[in-house]
$ cat run-v6.cif   # mmCIF, C-alpha atoms
data_target
#
loop_
_atom_site.label_atom_id
_atom_site.label_comp_id
_atom_site.auth_asym_id
_atom_site.auth_seq_id
_atom_site.Cartn_x
_atom_site.Cartn_y
_atom_site.Cartn_z
CA MET A 1 -1.24 -17.85 -9.60
CA ASN A 2 -1.96 -16.67 -13.11
CA SER A 3 0.59 -14.49 -14.86
CA VAL A 4 0.24 -10.74 -14.52
CA VAL A 5 3.13 -9.83 -16.79
CA ALA A 6 2.05 -7.76 -19.77
CA THR A 7 4.32 -7.34 -22.80
CA GLY A 8 7.67 -6.36 -21.35
CA TYR A 9 6.54 -4.64 -18.14
CA PHE A 10 4.90 -5.81 -14.97
CA ASN A 11 1.17 -5.17 -14.78
CA TYR A 12 0.88 -3.78 -11.24
CA GLN A 13 -2.80 -2.99 -11.71
CA ALA A 14 -3.71 -6.60 -12.43
CA ALA A 15 -1.48 -7.83 -9.59
CA LEU A 16 -3.10 -5.39 -7.16
CA GLU A 17 -6.58 -6.49 -8.14
CA GLU A 18 -5.60 -10.12 -7.70
CA ILE A 19 -4.04 -9.50 -4.25
CA ARG A 20 -7.03 -7.43 -3.09
CA GLU A 21 -9.50 -10.15 -4.12
CA GLU A 22 -7.46 -13.11 -2.84
CA GLU A 23 -6.74 -11.47 0.51
CA GLN A 24 -10.35 -10.19 0.81
CA PHE A 25 -9.74 -6.45 1.16
CA ASP A 26 -11.93 -3.57 -0.01
CA PHE A 27 -9.00 -1.45 -1.21
CA ALA A 28 -5.40 -1.93 -2.32
CA ALA A 29 -2.84 0.62 -3.50
CA ILE A 30 0.88 0.94 -4.20
CA ALA A 31 2.85 4.07 -3.32
CA LEU A 32 6.18 4.73 -5.02
CA PRO A 33 8.63 7.62 -5.08
CA GLU A 34 8.49 9.94 -8.07
CA ASP A 35 12.15 9.24 -8.88
CA ASP A 36 15.08 7.27 -7.44
CA SER A 37 16.42 9.97 -5.09
CA HIS A 38 16.01 9.81 -1.30
CA SER A 39 14.26 13.20 -1.33
CA ALA A 40 11.67 12.26 -3.96
CA VAL A 41 8.01 12.82 -3.20
CA ILE A 42 5.86 9.72 -2.83
CA LYS A 43 2.65 9.17 -4.78
CA TRP A 44 -0.02 6.49 -4.82
CA ARG A 45 0.57 5.03 -8.31
CA HIS A 46 -1.89 2.16 -8.64
CA ALA A 47 -5.12 1.35 -6.82
CA SER A 48 -7.81 -1.32 -6.86
CA GLY A 49 -11.23 -1.02 -5.26
CA ASN A 50 -10.87 2.77 -5.05
CA LEU A 51 -13.93 4.97 -4.48
CA ASN A 52 -12.61 7.76 -6.70
CA ASN A 53 -9.36 8.98 -8.25
CA ARG A 54 -8.39 11.40 -5.46
CA TYR A 55 -5.60 9.03 -4.41
CA GLN A 56 -3.73 10.18 -7.54
CA LEU A 57 -3.60 13.75 -6.17
CA ILE A 58 -1.94 12.79 -2.88
CA VAL A 59 1.71 13.87 -2.76
CA LEU A 60 3.71 12.89 0.32
CA ARG A 61 7.08 14.14 1.43
CA PRO A 62 9.60 11.42 2.35
CA GLY A 63 8.81 10.01 5.79
CA LYS A 64 5.32 11.58 5.89
CA GLY A 65 1.92 9.97 5.56
CA LEU A 66 1.24 6.27 5.79
CA ALA A 67 3.41 5.32 2.81
CA GLY A 68 6.25 7.61 3.83
CA LEU A 69 6.32 6.17 7.34
CA VAL A 70 6.37 2.57 6.11
CA ILE A 71 9.08 3.37 3.55
CA ARG A 72 11.19 5.21 6.16
CA THR A 73 10.93 2.52 8.85
CA GLY A 74 10.85 -0.55 6.60
CA SER A 75 8.23 -2.00 8.93
CA ARG A 76 4.64 -3.08 8.46
CA MET A 77 1.96 -0.91 9.95
CA ILE A 78 -1.31 -2.51 11.03
CA ILE A 79 -4.28 -0.45 12.17
CA ASP A 80 -7.21 -2.64 13.21
CA ASP A 81 -9.55 0.30 13.87
CA VAL A 82 -8.71 3.71 12.45
CA ASN A 83 -11.18 5.51 14.74
CA THR A 84 -9.62 4.19 17.95
CA VAL A 85 -5.98 4.36 16.85
CA LEU A 86 -5.96 7.71 15.01
CA SER A 87 -7.31 10.97 16.36
CA PRO A 88 -9.10 13.31 13.93
CA ASN A 89 -5.86 15.34 13.68
CA ASP A 90 -3.79 12.18 13.05
CA LYS A 91 -6.13 11.24 10.20
CA LEU A 92 -5.14 14.48 8.45
CA SER A 93 -1.59 13.11 8.24
CA TYR A 94 -2.92 10.08 6.35
CA PRO A 95 -4.88 11.54 3.41
CA ILE A 96 -5.39 8.12 1.80
CA VAL A 97 -7.44 7.10 4.87
CA LEU A 98 -9.75 10.07 4.37
CA SER A 99 -10.04 9.93 0.58
CA GLU A 100 -10.83 6.21 0.57
CA SER A 101 -12.86 6.09 3.83
CA LEU A 102 -10.65 3.36 5.29
CA THR A 103 -11.53 1.99 8.72
CA ALA A 104 -8.81 -0.71 9.03
CA MET A 105 -5.58 -1.26 7.12
CA VAL A 106 -2.27 -3.01 6.67
CA ALA A 107 0.69 -1.23 5.07
CA ILE A 108 3.58 -3.38 3.87
CA PRO A 109 7.02 -2.08 2.82
CA LEU A 110 8.06 -3.07 -0.70
CA TRP A 111 11.71 -4.09 -0.75
CA HIS A 112 13.86 -4.14 -3.89
CA ASP A 113 17.64 -4.67 -3.91
CA ASN A 114 17.80 -4.55 -0.10
CA ARG A 115 16.13 -1.14 0.12
CA VAL A 116 12.56 -0.12 0.76
CA TYR A 117 11.28 1.34 -2.47
CA GLY A 118 7.54 1.66 -1.91
CA ALA A 119 4.53 0.60 0.13
CA LEU A 120 1.52 -1.63 -0.42
CA LEU A 121 -1.64 -0.61 1.37
CA LEU A 122 -4.53 -3.02 1.94
CA GLY A 123 -7.61 -1.57 3.60
CA GLN A 124 -11.17 -2.16 4.71
CA ARG A 125 -14.16 0.17 4.83
CA ASN A 126 -17.40 0.41 6.81
CA GLY A 127 -15.91 -1.06 9.98
CA ARG A 128 -15.14 -4.42 8.38
CA PRO A 129 -12.39 -6.21 10.32
CA LEU A 130 -9.07 -7.07 8.75
CA PRO A 131 -9.13 -10.57 7.26
CA GLU A 132 -7.67 -13.28 9.47
CA GLY A 133 -3.90 -13.56 8.97
CA SER A 134 -3.53 -9.99 7.70
CA ASP A 135 -0.41 -9.54 9.78
CA GLU A 136 1.25 -12.40 7.88
CA ILE A 137 0.35 -11.54 4.27
CA ARG A 138 3.23 -12.36 1.93
CA ILE A 139 3.64 -10.49 -1.34
CA ASN A 140 6.88 -12.08 -2.59
CA HIS A 141 6.57 -12.89 -6.31
CA ARG A 142 3.11 -11.28 -6.41
CA LEU A 143 4.28 -7.74 -7.26
CA GLY A 144 7.07 -8.29 -9.73
CA SER A 145 10.53 -7.88 -8.21
CA PHE A 146 9.20 -6.41 -4.93
CA ARG A 147 9.47 -8.45 -1.75
CA ASP A 148 7.94 -7.87 1.67
CA GLU A 149 11.28 -8.34 3.44
CA ILE A 150 14.98 -7.87 2.81
CA ASN A 151 16.26 -10.31 0.18
#
$ encode --input "run-v6.cif" --output "structure tokens"
Amino acid sequence: MNSVVATGYFNYQAALEEIREEEQFDFAAIALPEDDSHSAVIKWRHASGNLNNRYQLIVLRPGKGLAGLVIRTGSRMIIDDVNTVLSPNDKLSYPIVLSESLTAMVAIPLWHDNRVYGALLLGQRNGRPLPEGSDEIRINHRLGSFRDEIN
């Protein structure tokens, strides 16, 4: 894998683009808390393959929305078909699904120092199926110090 480190900080944007292309997804995004407290709101910080910049306006309370749920549980969430798994009301609880027109997705908790710190979302549009092996995607060493499981 080519280096995605850029002068003293990790280049999450480049890493996201690389993961999205290698894993064959239409969309990829990282959600992180606004600060280090347990009550911090969660925002989608970086995205690749996005349709627009509305993802930047999404603010989630801890434990709410797709990212909040993955961060709270520390578990992956896989939705093969948004329209069969989520009702129209459920979709309102996942604004990233609506703003990016996602039809299938995988959300992976991002672990750092034995705590879930954020979430990686990989999604498809237009009814495209999840790529084969989506349930086993590994992100260790692909997003800086984040891992996809407890160290």
$ residues_around --input "run-v6.cif" --residues "A:Leu120" --least-positions-apart "5" --cutoff "6 Å" --atoms "all atoms listed in the file" --output "PDB file with C-alpha atoms, in the frame of the given file"
ATOM      1  CA  ALA A  29      -2.840   0.620  -3.500  1.00  0.00           C
ATOM      2  CA  ILE A  30       0.880   0.940  -4.200  1.00  0.00           C
ATOM      3  CA  ALA A 107       0.690  -1.230   5.070  1.00  0.00           C
ATOM      4  CA  ILE A 108       3.580  -3.380   3.870  1.00  0.00           C
TER       5      ILE A 108
END
$ closest_residue --input "run-v6.cif" --among "A:Thr73, A:Gln24, A:Asn50, A:Ser39" --to "A:Pro109" --atoms "all atoms listed in the file"
A:Thr73
$ closest_residue --input "run-v6.cif" --among "A:Asn140, A:Gln13, A:Ser99, A:Ser134" --to "A:Ile79" --atoms "only C-alpha atoms"
A:Ser134
$ resolve_selection --input "run-v6.cif" --expression "the PyMOL selection byres ((chain A and resi 126) around 10)" --output "list in words"
Asp26, Ser101, Leu102, Thr103, Ala104, Gln124, Arg125, Gly127, Arg128 and Pro129 of chain A
$ write_last_selection --input "run-v6.cif" --atoms "C-alpha atoms" --output "PDB file, in the frame of the given file"
ATOM      1  CA  ASP A  26     -11.930  -3.570  -0.010  1.00  0.00           C
ATOM      2  CA  SER A 101     -12.860   6.090   3.830  1.00  0.00           C
ATOM      3  CA  LEU A 102     -10.650   3.360   5.290  1.00  0.00           C
ATOM      4  CA  THR A 103     -11.530   1.990   8.720  1.00  0.00           C
ATOM      5  CA  ALA A 104      -8.810  -0.710   9.030  1.00  0.00           C
ATOM      6  CA  GLN A 124     -11.170  -2.160   4.710  1.00  0.00           C
ATOM      7  CA  ARG A 125     -14.160   0.170   4.830  1.00  0.00           C
ATOM      8  CA  GLY A 127     -15.910  -1.060   9.980  1.00  0.00           C
ATOM      9  CA  ARG A 128     -15.140  -4.420   8.380  1.00  0.00           C
ATOM     10  CA  PRO A 129     -12.390  -6.210  10.320  1.00  0.00           C
TER      11      PRO A 129
END
$ closest_residue --input "run-v6.cif" --among "A:Ala67, A:Leu121, A:Ile58, A:Leu110" --to "A:His141" --atoms "only C-alpha atoms"
A:Leu110
$ axis_aligned_box --input "run-v6.cif" --around "stretch 19-25 of chain A" --padding-each-side "6 Å" --output "lines of an AutoDock Vina configuration file"
center_x = -7.2
center_y = -9.8
center_z = -1.5
size_x = 18.3
size_y = 18.7
size_z = 17.4
$ atom_distance --input "run-v6.cif" --atom1 "atom CA of A:Ser145" --atom2 "atom CA of A:Asp113"
8.9 Å
$ atom_distance --input "run-v6.cif" --atom1 "atom CA of A:Asp80" --atom2 "atom CA of A:Leu122"
11.6 Å
$ atom_distance --input "run-v6.cif" --atom1 "atom CA of A:Asn52" --atom2 "atom CA of A:Val106"
20.0 Å
$ resolve_selection --input "run-v6.cif" --expression "the PyMOL selection byres ((chain A and resi 17) around 9)" --output "list in words"
Tyr12, Gln13, Ala14, Ala15, Leu16, Glu18, Ile19, Arg20, Glu21, Glu22, Phe27, Ala28, Ala47, Ser48 and Gly49 of chain A
$ closest_residue --input "run-v6.cif" --among "A:Gly123, A:Gly133, A:Pro33, A:Gly144" --to "A:Gly63" --atoms "only C-alpha atoms"
A:Pro33
$ closest_residue --input "run-v6.cif" --among "A:Asn89, A:Asp135, A:Leu143, A:Ile96" --to "A:Lys43" --atoms "all atoms listed in the file"
A:Ile96
$ closest_residue --input "run-v6.cif" --among "A:Lys91, A:Arg76, A:Arg54, A:Arg115" --to "A:Glu136" --atoms "only C-alpha atoms"
A:Arg76
$ resolve_selection --input "run-v6.cif" --expression "the PyMOL selection byres ((chain A and resi 59) around 8)" --output "list of chain:residue names"
A:Val41, A:Ile42, A:Lys43, A:Trp44, A:Leu57, A:Ile58, A:Leu60, A:Arg61
$ residues_around --input "run-v6.cif" --residues "A:Ile71" --least-positions-apart "3" --cutoff "6 Å" --atoms "all atoms listed in the file" --output "PyMOL selection string"
chain A and resi 68+74+109+116+118
$ decode --input "run-v6.cif" --residues "stretch 101-114 of chain A" --atoms "all heavy atoms" --output "PDB file, in the first residue's frame"
ATOM      1  N   SER A 101     -27.924   8.852  -0.732  1.00  0.00           N
ATOM      2  CA  SER A 101     -28.710   7.882  -1.521  1.00  0.00           C
ATOM      3  C   SER A 101     -28.120   6.471  -1.451  1.00  0.00           C
ATOM      4  O   SER A 101     -27.986   5.783  -2.459  1.00  0.00           O
ATOM      5  CB  SER A 101     -28.804   8.327  -2.978  1.00  0.00           C
ATOM      6  OG  SER A 101     -29.386   9.591  -3.073  1.00  0.00           O
ATOM      7  N   LEU A 102     -27.777   6.032  -0.249  1.00  0.00           N
ATOM      8  CA  LEU A 102     -27.165   4.717  -0.083  1.00  0.00           C
ATOM      9  C   LEU A 102     -28.223   3.623  -0.096  1.00  0.00           C
ATOM     10  O   LEU A 102     -29.291   3.771   0.494  1.00  0.00           O
ATOM     11  CB  LEU A 102     -26.363   4.671   1.223  1.00  0.00           C
ATOM     12  CG  LEU A 102     -25.232   5.677   1.332  1.00  0.00           C
ATOM     13  CD1 LEU A 102     -24.542   5.577   2.678  1.00  0.00           C
ATOM     14  CD2 LEU A 102     -24.238   5.524   0.202  1.00  0.00           C
ATOM     15  N   THR A 103     -27.920   2.524  -0.753  1.00  0.00           N
ATOM     16  CA  THR A 103     -28.851   1.400  -0.839  1.00  0.00           C
ATOM     17  C   THR A 103     -28.310   0.141  -0.159  1.00  0.00           C
ATOM     18  O   THR A 103     -29.050  -0.810   0.064  1.00  0.00           O
ATOM     19  CB  THR A 103     -29.199   1.084  -2.305  1.00  0.00           C
ATOM     20  OG1 THR A 103     -27.995   0.834  -3.031  1.00  0.00           O
ATOM     21  CG2 THR A 103     -29.957   2.250  -2.937  1.00  0.00           C
ATOM     22  N   ALA A 104     -27.020   0.120   0.177  1.00  0.00           N
ATOM     23  CA  ALA A 104     -26.388  -0.971   0.917  1.00  0.00           C
ATOM     24  C   ALA A 104     -25.161  -0.389   1.608  1.00  0.00           C
ATOM     25  O   ALA A 104     -24.536   0.533   1.080  1.00  0.00           O
ATOM     26  CB  ALA A 104     -25.991  -2.111  -0.012  1.00  0.00           C
ATOM     27  N   MET A 105     -24.830  -0.915   2.793  1.00  0.00           N
ATOM     28  CA  MET A 105     -23.686  -0.328   3.504  1.00  0.00           C
ATOM     29  C   MET A 105     -23.121  -1.242   4.576  1.00  0.00           C
ATOM     30  O   MET A 105     -23.778  -2.157   5.049  1.00  0.00           O
ATOM     31  CB  MET A 105     -24.086   0.996   4.115  1.00  0.00           C
ATOM     32  CG  MET A 105     -25.197   0.910   5.103  1.00  0.00           C
ATOM     33  SD  MET A 105     -25.852   2.544   5.424  1.00  0.00           S
ATOM     34  CE  MET A 105     -27.464   2.082   5.972  1.00  0.00           C
ATOM     35  N   VAL A 106     -21.872  -0.932   4.916  1.00  0.00           N
ATOM     36  CA  VAL A 106     -21.154  -1.579   5.996  1.00  0.00           C
ATOM     37  C   VAL A 106     -20.598  -0.447   6.859  1.00  0.00           C
ATOM     38  O   VAL A 106     -19.957   0.465   6.340  1.00  0.00           O
ATOM     39  CB  VAL A 106     -19.971  -2.432   5.469  1.00  0.00           C
ATOM     40  CG1 VAL A 106     -19.169  -3.014   6.612  1.00  0.00           C
ATOM     41  CG2 VAL A 106     -20.451  -3.517   4.530  1.00  0.00           C
ATOM     42  N   ALA A 107     -20.861  -0.534   8.174  1.00  0.00           N
ATOM     43  CA  ALA A 107     -20.302   0.452   9.101  1.00  0.00           C
ATOM     44  C   ALA A 107     -19.381  -0.295  10.062  1.00  0.00           C
ATOM     45  O   ALA A 107     -19.768  -1.315  10.643  1.00  0.00           O
ATOM     46  CB  ALA A 107     -21.411   1.164   9.851  1.00  0.00           C
ATOM     47  N   ILE A 108     -18.165   0.202  10.205  1.00  0.00           N
ATOM     48  CA  ILE A 108     -17.125  -0.469  10.977  1.00  0.00           C
ATOM     49  C   ILE A 108     -16.670   0.445  12.109  1.00  0.00           C
ATOM     50  O   ILE A 108     -16.317   1.604  11.867  1.00  0.00           O
ATOM     51  CB  ILE A 108     -15.923  -0.810  10.068  1.00  0.00           C
ATOM     52  CG1 ILE A 108     -16.375  -1.703   8.911  1.00  0.00           C
ATOM     53  CG2 ILE A 108     -14.800  -1.452  10.869  1.00  0.00           C
ATOM     54  CD1 ILE A 108     -15.332  -1.895   7.828  1.00  0.00           C
ATOM     55  N   PRO A 109     -16.671  -0.055  13.362  1.00  0.00           N
ATOM     56  CA  PRO A 109     -16.168   0.783  14.459  1.00  0.00           C
ATOM     57  C   PRO A 109     -14.666   1.009  14.308  1.00  0.00           C
ATOM     58  O   PRO A 109     -13.943   0.120  13.859  1.00  0.00           O
ATOM     59  CB  PRO A 109     -16.488  -0.024  15.713  1.00  0.00           C
ATOM     60  CG  PRO A 109     -16.641  -1.434  15.251  1.00  0.00           C
ATOM     61  CD  PRO A 109     -17.084  -1.378  13.812  1.00  0.00           C
ATOM     62  N   LEU A 110     -14.222   2.194  14.669  1.00  0.00           N
ATOM     63  CA  LEU A 110     -12.801   2.539  14.628  1.00  0.00           C
ATOM     64  C   LEU A 110     -12.277   2.566  16.059  1.00  0.00           C
ATOM     65  O   LEU A 110     -12.631   3.451  16.845  1.00  0.00           O
ATOM     66  CB  LEU A 110     -12.594   3.897  13.947  1.00  0.00           C
ATOM     67  CG  LEU A 110     -13.033   3.963  12.490  1.00  0.00           C
ATOM     68  CD1 LEU A 110     -12.874   5.395  11.963  1.00  0.00           C
ATOM     69  CD2 LEU A 110     -12.253   2.979  11.633  1.00  0.00           C
ATOM     70  N   TRP A 111     -11.451   1.591  16.383  1.00  0.00           N
ATOM     71  CA  TRP A 111     -10.910   1.455  17.728  1.00  0.00           C
ATOM     72  C   TRP A 111      -9.568   2.179  17.828  1.00  0.00           C
ATOM     73  O   TRP A 111      -8.757   2.150  16.905  1.00  0.00           O
ATOM     74  CB  TRP A 111     -10.691  -0.020  18.062  1.00  0.00           C
ATOM     75  CG  TRP A 111     -11.947  -0.798  18.230  1.00  0.00           C
ATOM     76  CD1 TRP A 111     -12.682  -1.385  17.235  1.00  0.00           C
ATOM     77  CD2 TRP A 111     -12.621  -1.092  19.443  1.00  0.00           C
ATOM     78  NE1 TRP A 111     -13.772  -2.028  17.779  1.00  0.00           N
ATOM     79  CE2 TRP A 111     -13.755  -1.862  19.130  1.00  0.00           C
ATOM     80  CE3 TRP A 111     -12.371  -0.759  20.780  1.00  0.00           C
ATOM     81  CZ2 TRP A 111     -14.629  -2.312  20.102  1.00  0.00           C
ATOM     82  CZ3 TRP A 111     -13.242  -1.223  21.753  1.00  0.00           C
ATOM     83  CH2 TRP A 111     -14.363  -1.983  21.411  1.00  0.00           C
ATOM     84  N   HIS A 112      -9.347   2.807  18.973  1.00  0.00           N
ATOM     85  CA  HIS A 112      -8.069   3.453  19.278  1.00  0.00           C
ATOM     86  C   HIS A 112      -7.881   3.373  20.782  1.00  0.00           C
ATOM     87  O   HIS A 112      -8.761   3.789  21.544  1.00  0.00           O
ATOM     88  CB  HIS A 112      -8.061   4.903  18.804  1.00  0.00           C
ATOM     89  CG  HIS A 112      -6.789   5.619  19.104  1.00  0.00           C
ATOM     90  ND1 HIS A 112      -5.610   5.331  18.450  1.00  0.00           N
ATOM     91  CD2 HIS A 112      -6.498   6.580  19.993  1.00  0.00           C
ATOM     92  CE1 HIS A 112      -4.657   6.115  18.927  1.00  0.00           C
ATOM     93  NE2 HIS A 112      -5.167   6.871  19.871  1.00  0.00           N
ATOM     94  N   ASP A 113      -6.756   2.837  21.229  1.00  0.00           N
ATOM     95  CA  ASP A 113      -6.479   2.675  22.662  1.00  0.00           C
ATOM     96  C   ASP A 113      -7.608   1.948  23.380  1.00  0.00           C
ATOM     97  O   ASP A 113      -8.098   2.383  24.434  1.00  0.00           O
ATOM     98  CB  ASP A 113      -6.201   4.024  23.333  1.00  0.00           C
ATOM     99  CG  ASP A 113      -4.870   4.616  22.920  1.00  0.00           C
ATOM    100  OD1 ASP A 113      -3.988   3.847  22.471  1.00  0.00           O
ATOM    101  OD2 ASP A 113      -4.703   5.843  23.041  1.00  0.00           O
ATOM    102  N   ASN A 114      -8.052   0.837  22.817  1.00  0.00           N
ATOM    103  CA  ASN A 114      -9.077  -0.026  23.403  1.00  0.00           C
ATOM    104  C   ASN A 114     -10.416   0.652  23.652  1.00  0.00           C
ATOM    105  O   ASN A 114     -11.149   0.297  24.569  1.00  0.00           O
ATOM    106  CB  ASN A 114      -8.560  -0.674  24.698  1.00  0.00           C
ATOM    107  CG  ASN A 114      -7.397  -1.594  24.426  1.00  0.00           C
ATOM    108  OD1 ASN A 114      -7.397  -2.320  23.434  1.00  0.00           O
ATOM    109  ND2 ASN A 114      -6.382  -1.546  25.273  1.00  0.00           N
TER     110      ASN A 114
END
